[in-house]
Amino acid sequence: ALPDRVKIVEVGPRDGLQNEPTFVPTASKVEWIGRLVGAGVKWVEAAAFVSPKWVPQMADGAQVLHEIARGQGVVFSALVPNVKGLDAALAAQCDEVAVFAAASETFSQKNINCSIAESLERFAPVVDRAIAAGVRVRGYVSCVLGCPFEGEIDAAQVASVATRLYQMGCYEISLGDTIGTGTPLKARRMIEACAKDVPVSALAGHFHDTWGMAIANIYAALQAGIATFDSSASGIGGCPYSPGATGNVATEDVVYLCHELGIATGIDLPALIDAGRFISDVLGRPTSSNVARATQAR
Ligand code: HMG
Ligand code: MG
């Protein structure tokens with residue numbers, strides 16, 4: 001049976017914008033987040049406290065978190081790769097933080113300059129300190145359905161990293177198809193491998209739409225019991241350390257799918273489409289959401 005309701009984590013302001021070549025002004029980021037919240041979005045990954053030399057687009061994270069309206073029951077989170085990032089996130093009063101590991105050794109090296117094992121060692125004190133400060137931690141696993149450098153990734157390897165993050169104290173594990181090469185059968189098998197040691201209610205699907213399979217993968221994930229999905233309004237984004245990867249699945253498309261299946265999202269689709277149009281206009285290019293495009297053509 002499909003869930004009655006899903007949790008949608010809007011990652012566009014982080015995963016989407018991190019890959020933009022020209023710096024998006026802080027005021028535009030803040031306005032976009034306000035519009036997303038106005039559409040009913042309740043979880044927003046708003047920033048990344050990573051090295052500004054590695055990802056210059058995220059350098060204004062503290063300012064973004066300072067300027068957005070708070071206290072409307074919305075959970076604002078940020079990526080943190082180490083204790084330095086966590087301290088910045090706590091100072092910016094993030095409601096949640098996320099550590100990010102990979103299921104591929106080469107990707108781990110290219111993305112965070114260390115091995116998988118080193119990254120997990122580095123995350124343990126980050127998770128402990130966050131929890132001690134009353135801040136929940138999400139854990140990402142990247143390259144769960146393929147790596148830009150290593151190709152196929154073993155589901156057992158994904159499950160092992162996911163389990164380590166869960167045991168460390170991450171309350172939710174987001175399974176990232178970083179390069180969008182996943183297909184429904186592989187997605188289901190990978191989820192089943194992870195669900196052996198992590199409750200399926202603690203798993204989230206994070207699909208990129210590079211090969212156009214994201215919505216099919218989400219349907220397979222729903223059938224496998226997943227009820228949390230990451231997406232990006234207008235489908236913007238990618239990963240700067242993943243050559244050729246395009247954006248996350250568009251939030252508009254996920255919301256449309258869910259509503260058509262009778263699954264509540266808490267999000268108002270027309271208002272979300274407007275929010276997606278806002279950021280597409282800022283970036284000066286058409287939306288990557290099929291649903292937004294079809295709606296506008298009507
Ligand atoms: P490093 O060079 O090994 O780190 O980078 P370091 O500790 O030697 O520090 C180097 C410099 O960075 C120092 O500054 C540090 O102070 C600074 P310098 O002395 O040269 O002036 N630094 C920091 N500055 C600000 N905030 C920090 C921080 N830490 C160190 N937190 C590091 C290691 C992890 C820092 C670097 O590799 C990095 O920032 N990587 C981030 C990469 C990234 O953000 N990738 C995109 C997100 S992952 C993704 O998109 C996938 C996902 O969406 C899921 C999916 O799709 O699969 C999550
Ligand atoms: Mg991603």
# chains A, B, ... in the order shown; residues from 1 in each chain; ligands from 1
$ residues_near_ligand --ligand "ligand 2" --cutoff "10 Å" --atoms "only C-alpha atoms and all ligand atoms" --output "number ranges by chain"
A: 11-12, 14-16, 18, 140-143, 174-180, 206-208, 230-232, 237-240, 242, 245-249
$ select_by_dssp --residues "region 14-119 of chain A" --states "alpha helix (DSSP H)" --output "NGL selection string"
:A and (26-38 or 61-67 or 83-91 or 105-112 or 116-119)
$ write_last_selection --atoms "N, CA and C atoms" --output "CSV table (one decimal), in the first residue's frame"
chain,number,residue,atom,x,y,z
A,26,THR,N,21.9,36.9,-2.5
A,26,THR,CA,21.3,36.5,-1.2
A,26,THR,C,19.8,36.8,-1.2
A,27,ALA,N,19.5,38.1,-1.6
A,27,ALA,CA,18.1,38.5,-1.6
A,27,ALA,C,17.2,37.6,-2.4
A,28,SER,N,17.7,37.1,-3.6
A,28,SER,CA,16.9,36.2,-4.4
A,28,SER,C,16.7,34.9,-3.8
A,29,LYS,N,17.8,34.4,-3.1
A,29,LYS,CA,17.6,33.1,-2.4
A,29,LYS,C,16.6,33.3,-1.3
A,30,VAL,N,16.6,34.4,-0.6
A,30,VAL,CA,15.7,34.6,0.6
A,30,VAL,C,14.3,34.7,0.0
A,31,GLU,N,14.1,35.4,-1.0
A,31,GLU,CA,12.8,35.6,-1.6
A,31,GLU,C,12.2,34.3,-2.1
A,32,TRP,N,13.1,33.5,-2.7
A,32,TRP,CA,12.7,32.2,-3.2
A,32,TRP,C,12.2,31.3,-2.1
A,33,ILE,N,13.0,31.2,-1.0
A,33,ILE,CA,12.7,30.4,0.1
A,33,ILE,C,11.3,30.8,0.7
A,34,GLY,N,11.1,32.1,0.8
A,34,GLY,CA,9.9,32.7,1.3
A,34,GLY,C,8.7,32.2,0.5
A,35,ARG,N,8.9,32.2,-0.8
A,35,ARG,CA,7.8,31.7,-1.7
A,35,ARG,C,7.5,30.2,-1.6
A,36,LEU,N,8.6,29.5,-1.4
A,36,LEU,CA,8.4,28.0,-1.2
A,36,LEU,C,7.6,27.8,0.0
A,37,VAL,N,8.0,28.5,1.1
A,37,VAL,CA,7.3,28.3,2.4
A,37,VAL,C,5.8,28.7,2.2
A,38,GLY,N,5.6,29.8,1.5
A,38,GLY,CA,4.2,30.3,1.2
A,38,GLY,C,3.4,29.2,0.5
A,61,GLY,N,25.6,31.3,3.3
A,61,GLY,CA,24.6,30.5,4.1
A,61,GLY,C,24.1,31.2,5.4
A,62,ALA,N,25.1,31.8,6.1
A,62,ALA,CA,24.7,32.4,7.4
A,62,ALA,C,23.7,33.5,7.2
A,63,GLN,N,24.0,34.3,6.1
A,63,GLN,CA,23.1,35.5,5.8
A,63,GLN,C,21.7,35.0,5.4
A,64,VAL,N,21.7,34.0,4.5
A,64,VAL,CA,20.4,33.4,4.1
A,64,VAL,C,19.6,33.0,5.3
A,65,LEU,N,20.2,32.2,6.2
A,65,LEU,CA,19.4,31.8,7.4
A,65,LEU,C,19.0,32.9,8.3
A,66,HIS,N,19.8,33.9,8.3
A,66,HIS,CA,19.5,35.1,9.2
A,66,HIS,C,18.3,35.9,8.6
A,67,GLU,N,18.2,35.9,7.2
A,67,GLU,CA,17.2,36.8,6.6
A,67,GLU,C,15.9,36.1,6.4
A,83,VAL,N,33.2,19.6,11.8
A,83,VAL,CA,32.8,20.3,13.0
A,83,VAL,C,32.7,21.8,12.7
A,84,LYS,N,33.7,22.3,11.9
A,84,LYS,CA,33.7,23.7,11.5
A,84,LYS,C,32.3,24.1,10.9
A,85,GLY,N,31.9,23.3,10.0
A,85,GLY,CA,30.6,23.5,9.4
A,85,GLY,C,29.4,23.5,10.3
A,86,LEU,N,29.5,22.5,11.3
A,86,LEU,CA,28.4,22.4,12.3
A,86,LEU,C,28.4,23.6,13.1
A,87,ASP,N,29.6,24.1,13.6
A,87,ASP,CA,29.6,25.3,14.4
A,87,ASP,C,28.9,26.5,13.7
A,88,ALA,N,29.2,26.6,12.4
A,88,ALA,CA,28.6,27.7,11.6
A,88,ALA,C,27.1,27.5,11.5
A,89,ALA,N,26.7,26.3,11.4
A,89,ALA,CA,25.2,26.0,11.2
A,89,ALA,C,24.5,26.3,12.6
A,90,LEU,N,25.2,25.9,13.7
A,90,LEU,CA,24.5,26.1,15.0
A,90,LEU,C,24.5,27.6,15.2
A,91,ALA,N,25.5,28.4,14.9
A,91,ALA,CA,25.5,29.8,15.1
A,91,ALA,C,24.4,30.5,14.3
A,105,GLU,N,34.1,5.2,-3.3
A,105,GLU,CA,35.4,5.8,-2.8
A,105,GLU,C,35.8,7.0,-3.6
A,106,THR,N,35.8,6.8,-4.9
A,106,THR,CA,36.3,7.9,-5.8
A,106,THR,C,35.5,9.2,-5.6
A,107,PHE,N,34.1,9.0,-5.5
A,107,PHE,CA,33.3,10.2,-5.4
A,107,PHE,C,33.6,10.8,-4.0
A,108,SER,N,33.7,10.0,-3.0
A,108,SER,CA,34.0,10.6,-1.7
A,108,SER,C,35.3,11.5,-1.7
A,109,GLN,N,36.3,10.9,-2.4
A,109,GLN,CA,37.6,11.7,-2.5
A,109,GLN,C,37.4,13.0,-3.3
A,110,LYS,N,36.6,12.9,-4.4
A,110,LYS,CA,36.4,14.1,-5.2
A,110,LYS,C,35.5,15.1,-4.5
A,111,ASN,N,34.6,14.7,-3.7
A,111,ASN,CA,33.5,15.6,-3.2
A,111,ASN,C,34.0,16.2,-1.8
A,112,ILE,N,34.6,15.3,-1.0
A,112,ILE,CA,34.9,15.8,0.4
A,112,ILE,C,36.4,15.6,0.7
A,116,ILE,N,35.7,7.1,2.4
A,116,ILE,CA,34.5,6.8,3.0
A,116,ILE,C,34.7,6.6,4.5
A,117,ALA,N,35.7,5.8,4.9
A,117,ALA,CA,36.0,5.5,6.3
A,117,ALA,C,36.4,6.7,7.0
A,118,GLU,N,37.2,7.6,6.4
A,118,GLU,CA,37.6,8.8,7.1
A,118,GLU,C,36.4,9.7,7.3
A,119,SER,N,35.5,9.8,6.3
A,119,SER,CA,34.4,10.7,6.4
A,119,SER,C,33.5,10.2,7.6
$ closest_residue --among "A:Asn113, A:Ser234, A:Thr22, A:Ser201" --to "ligand 1" --atoms "only C-alpha atoms and all ligand atoms"
A:Asn113
$ closest_residue --among "A:Val44, A:Ala214, A:Ala250, A:Val126" --to "Val74 (chain A)" --atoms "only C-alpha atoms"
A:Val44
$ closest_residue --among "A:Gly182, A:Val135, A:Ala193, A:Ala187" --to "Ala156 (chain A)" --atoms "only C-alpha atoms"
A:Ala193
$ closest_residue --among "A:Leu257, A:Val55, A:Ala130, A:Met168" --to "Ala216 (chain A)" --atoms "only C-alpha atoms"
A:Leu257
$ closest_residue --among "A:Ile191, A:Ala221, A:Ala102, A:Ala162" --to "Cys147 (chain A)" --atoms "only C-alpha atoms"
A:Ala102
$ residues_around --residues "Gly276 (chain A)" --least-positions-apart "5" --cutoff "8 Å" --atoms "only C-alpha atoms" --output "mmCIF file with N, CA and C atoms, in the first residue's frame"
data_model
loop_
_atom_site.group_PDB
_atom_site.id
_atom_site.type_symbol
_atom_site.label_atom_id
_atom_site.label_comp_id
_atom_site.auth_asym_id
_atom_site.auth_seq_id
_atom_site.Cartn_x
_atom_site.Cartn_y
_atom_site.Cartn_z
ATOM 1 N N ALA A 233 12.506 22.653 -6.555
ATOM 2 C CA ALA A 233 11.520 23.363 -7.370
ATOM 3 C C ALA A 233 12.154 23.762 -8.696
ATOM 4 N N SER A 234 11.395 23.572 -9.763
ATOM 5 C CA SER A 234 11.849 23.877 -11.111
ATOM 6 C C SER A 234 12.920 22.889 -11.596
ATOM 7 N N THR A 287 12.001 26.343 -16.976
ATOM 8 C CA THR A 287 11.884 25.347 -15.922
ATOM 9 C C THR A 287 12.264 23.966 -16.439
ATOM 10 N N ALA A 292 5.233 22.005 -14.507
ATOM 11 C CA ALA A 292 5.190 23.474 -14.622
ATOM 12 C C ALA A 292 5.077 23.872 -16.095
#
$ atom_distance --atom1 "atom 8 (O, counted along the ligand's line) of ligand 1" --atom2 "CA of Ala101 (chain A)"
17.0 Å
$ closest_residue --among "A:Ala48, A:Val198, A:Cys114, A:Leu283" --to "Val99 (chain A)" --atoms "only C-alpha atoms"
A:Ala48
$ select_by_dssp --residues "region 159-197 of chain A" --states "strand (DSSP E or B)" --output "list in words"
Glu172, Ile173, Ser174, Leu175, Gly176 and Asp177 of chain A
$ residues_around --residues "Arg5 (chain A)" --least-positions-apart "4" --cutoff "10 Å" --atoms "only C-alpha atoms" --output "ChimeraX atom specification"
/A:227-228,258-259,262-266
$ write_last_selection --atoms "C-alpha atoms" --output "CSV table (one decimal), in the first residue's frame"
chain,number,residue,atom,x,y,z
A,227,ALA,CA,7.5,8.2,2.4
A,228,THR,CA,10.2,11.0,2.3
A,258,CYS,CA,1.5,12.3,-5.1
A,259,HIS,CA,-1.7,14.2,-5.4
A,262,GLY,CA,-4.2,10.4,-3.4
A,263,ILE,CA,-1.1,11.1,-1.3
A,264,ALA,CA,-1.1,14.3,0.7
A,265,THR,CA,2.0,16.6,0.5
A,266,GLY,CA,0.7,19.8,2.3
$ residues_around --residues "Asp128 (chain A)" --least-positions-apart "2" --cutoff "12 Å" --atoms "only C-alpha atoms" --output "list of chain:residue names"
A:Asn82, A:Val83, A:Leu86, A:Val97, A:Val99, A:Glu121, A:Arg122, A:Phe123, A:Ala124, A:Pro125, A:Val126, A:Ala130, A:Ile131, A:Ala132, A:Ala133, A:Gly134, A:Val135, A:Arg136, A:Val137, A:Leu165, A:Gln167, A:Met168, A:Gly169, A:Cys170
$ write_last_selection --atoms "N, CA and C atoms" --output "PDB file, in the first residue's frame"
ATOM      1  N   ASN A  82      31.913  18.873   8.451  1.00  0.00           N
ATOM      2  CA  ASN A  82      32.854  18.707   9.572  1.00  0.00           C
ATOM      3  C   ASN A  82      32.389  19.587  10.746  1.00  0.00           C
ATOM      4  N   VAL A  83      33.167  19.565  11.844  1.00  0.00           N
ATOM      5  CA  VAL A  83      32.775  20.324  13.040  1.00  0.00           C
ATOM      6  C   VAL A  83      32.748  21.828  12.740  1.00  0.00           C
ATOM      7  N   LEU A  86      29.503  22.489  11.257  1.00  0.00           N
ATOM      8  CA  LEU A  86      28.440  22.371  12.272  1.00  0.00           C
ATOM      9  C   LEU A  86      28.389  23.626  13.139  1.00  0.00           C
ATOM     10  N   VAL A  97      20.760  19.655  10.708  1.00  0.00           N
ATOM     11  CA  VAL A  97      21.923  19.650   9.816  1.00  0.00           C
ATOM     12  C   VAL A  97      21.988  18.304   9.104  1.00  0.00           C
ATOM     13  N   VAL A  99      24.913  15.534   7.379  1.00  0.00           N
ATOM     14  CA  VAL A  99      26.258  15.113   6.986  1.00  0.00           C
ATOM     15  C   VAL A  99      26.120  14.328   5.685  1.00  0.00           C
ATOM     16  N   GLU A 121      34.393   8.615  10.224  1.00  0.00           N
ATOM     17  CA  GLU A 121      35.093   8.988  11.468  1.00  0.00           C
ATOM     18  C   GLU A 121      34.916  10.473  11.769  1.00  0.00           C
ATOM     19  N   ARG A 122      34.947  11.272  10.726  1.00  0.00           N
ATOM     20  CA  ARG A 122      34.822  12.719  10.885  1.00  0.00           C
ATOM     21  C   ARG A 122      33.392  13.113  11.270  1.00  0.00           C
ATOM     22  N   PHE A 123      32.416  12.332  10.779  1.00  0.00           N
ATOM     23  CA  PHE A 123      31.013  12.694  11.049  1.00  0.00           C
ATOM     24  C   PHE A 123      30.590  12.345  12.482  1.00  0.00           C
ATOM     25  N   ALA A 124      31.185  11.305  13.060  1.00  0.00           N
ATOM     26  CA  ALA A 124      30.721  10.855  14.391  1.00  0.00           C
ATOM     27  C   ALA A 124      30.686  11.996  15.416  1.00  0.00           C
ATOM     28  N   PRO A 125      31.784  12.766  15.569  1.00  0.00           N
ATOM     29  CA  PRO A 125      31.710  13.879  16.539  1.00  0.00           C
ATOM     30  C   PRO A 125      30.759  14.991  16.098  1.00  0.00           C
ATOM     31  N   VAL A 126      30.570  15.146  14.799  1.00  0.00           N
ATOM     32  CA  VAL A 126      29.624  16.166  14.306  1.00  0.00           C
ATOM     33  C   VAL A 126      28.215  15.786  14.760  1.00  0.00           C
ATOM     34  N   ALA A 130      25.906  17.823  17.455  1.00  0.00           N
ATOM     35  CA  ALA A 130      24.618  18.367  17.003  1.00  0.00           C
ATOM     36  C   ALA A 130      23.502  17.880  17.927  1.00  0.00           C
ATOM     37  N   ILE A 131      23.504  16.589  18.199  1.00  0.00           N
ATOM     38  CA  ILE A 131      22.439  16.026  19.040  1.00  0.00           C
ATOM     39  C   ILE A 131      22.510  16.642  20.440  1.00  0.00           C
ATOM     40  N   ALA A 132      23.732  16.825  20.955  1.00  0.00           N
ATOM     41  CA  ALA A 132      23.897  17.456  22.278  1.00  0.00           C
ATOM     42  C   ALA A 132      23.331  18.873  22.280  1.00  0.00           C
ATOM     43  N   ALA A 133      23.380  19.523  21.122  1.00  0.00           N
ATOM     44  CA  ALA A 133      22.846  20.887  21.012  1.00  0.00           C
ATOM     45  C   ALA A 133      21.347  20.883  20.684  1.00  0.00           C
ATOM     46  N   GLY A 134      20.759  19.696  20.622  1.00  0.00           N
ATOM     47  CA  GLY A 134      19.319  19.601  20.365  1.00  0.00           C
ATOM     48  C   GLY A 134      18.948  19.714  18.892  1.00  0.00           C
ATOM     49  N   VAL A 135      19.912  19.451  18.013  1.00  0.00           N
ATOM     50  CA  VAL A 135      19.683  19.580  16.567  1.00  0.00           C
ATOM     51  C   VAL A 135      19.750  18.194  15.926  1.00  0.00           C
ATOM     52  N   ARG A 136      18.696  17.828  15.222  1.00  0.00           N
ATOM     53  CA  ARG A 136      18.672  16.511  14.585  1.00  0.00           C
ATOM     54  C   ARG A 136      19.591  16.490  13.358  1.00  0.00           C
ATOM     55  N   VAL A 137      20.053  15.290  13.041  1.00  0.00           N
ATOM     56  CA  VAL A 137      20.991  15.151  11.927  1.00  0.00           C
ATOM     57  C   VAL A 137      20.458  14.168  10.895  1.00  0.00           C
ATOM     58  N   LEU A 165      25.656   5.368   9.223  1.00  0.00           N
ATOM     59  CA  LEU A 165      25.131   6.714   9.523  1.00  0.00           C
ATOM     60  C   LEU A 165      23.956   6.629  10.499  1.00  0.00           C
ATOM     61  N   GLN A 167      23.339   4.209  12.693  1.00  0.00           N
ATOM     62  CA  GLN A 167      23.825   3.810  14.021  1.00  0.00           C
ATOM     63  C   GLN A 167      24.544   4.950  14.726  1.00  0.00           C
ATOM     64  N   MET A 168      25.124   5.832  13.942  1.00  0.00           N
ATOM     65  CA  MET A 168      25.825   7.001  14.492  1.00  0.00           C
ATOM     66  C   MET A 168      24.848   7.986  15.132  1.00  0.00           C
ATOM     67  N   GLY A 169      23.584   7.923  14.713  1.00  0.00           N
ATOM     68  CA  GLY A 169      22.591   8.826  15.295  1.00  0.00           C
ATOM     69  C   GLY A 169      21.822   9.673  14.293  1.00  0.00           C
ATOM     70  N   CYS A 170      22.077   9.489  12.999  1.00  0.00           N
ATOM     71  CA  CYS A 170      21.283  10.212  11.999  1.00  0.00           C
ATOM     72  C   CYS A 170      19.859   9.667  12.045  1.00  0.00           C
TER      73      CYS A 170
END
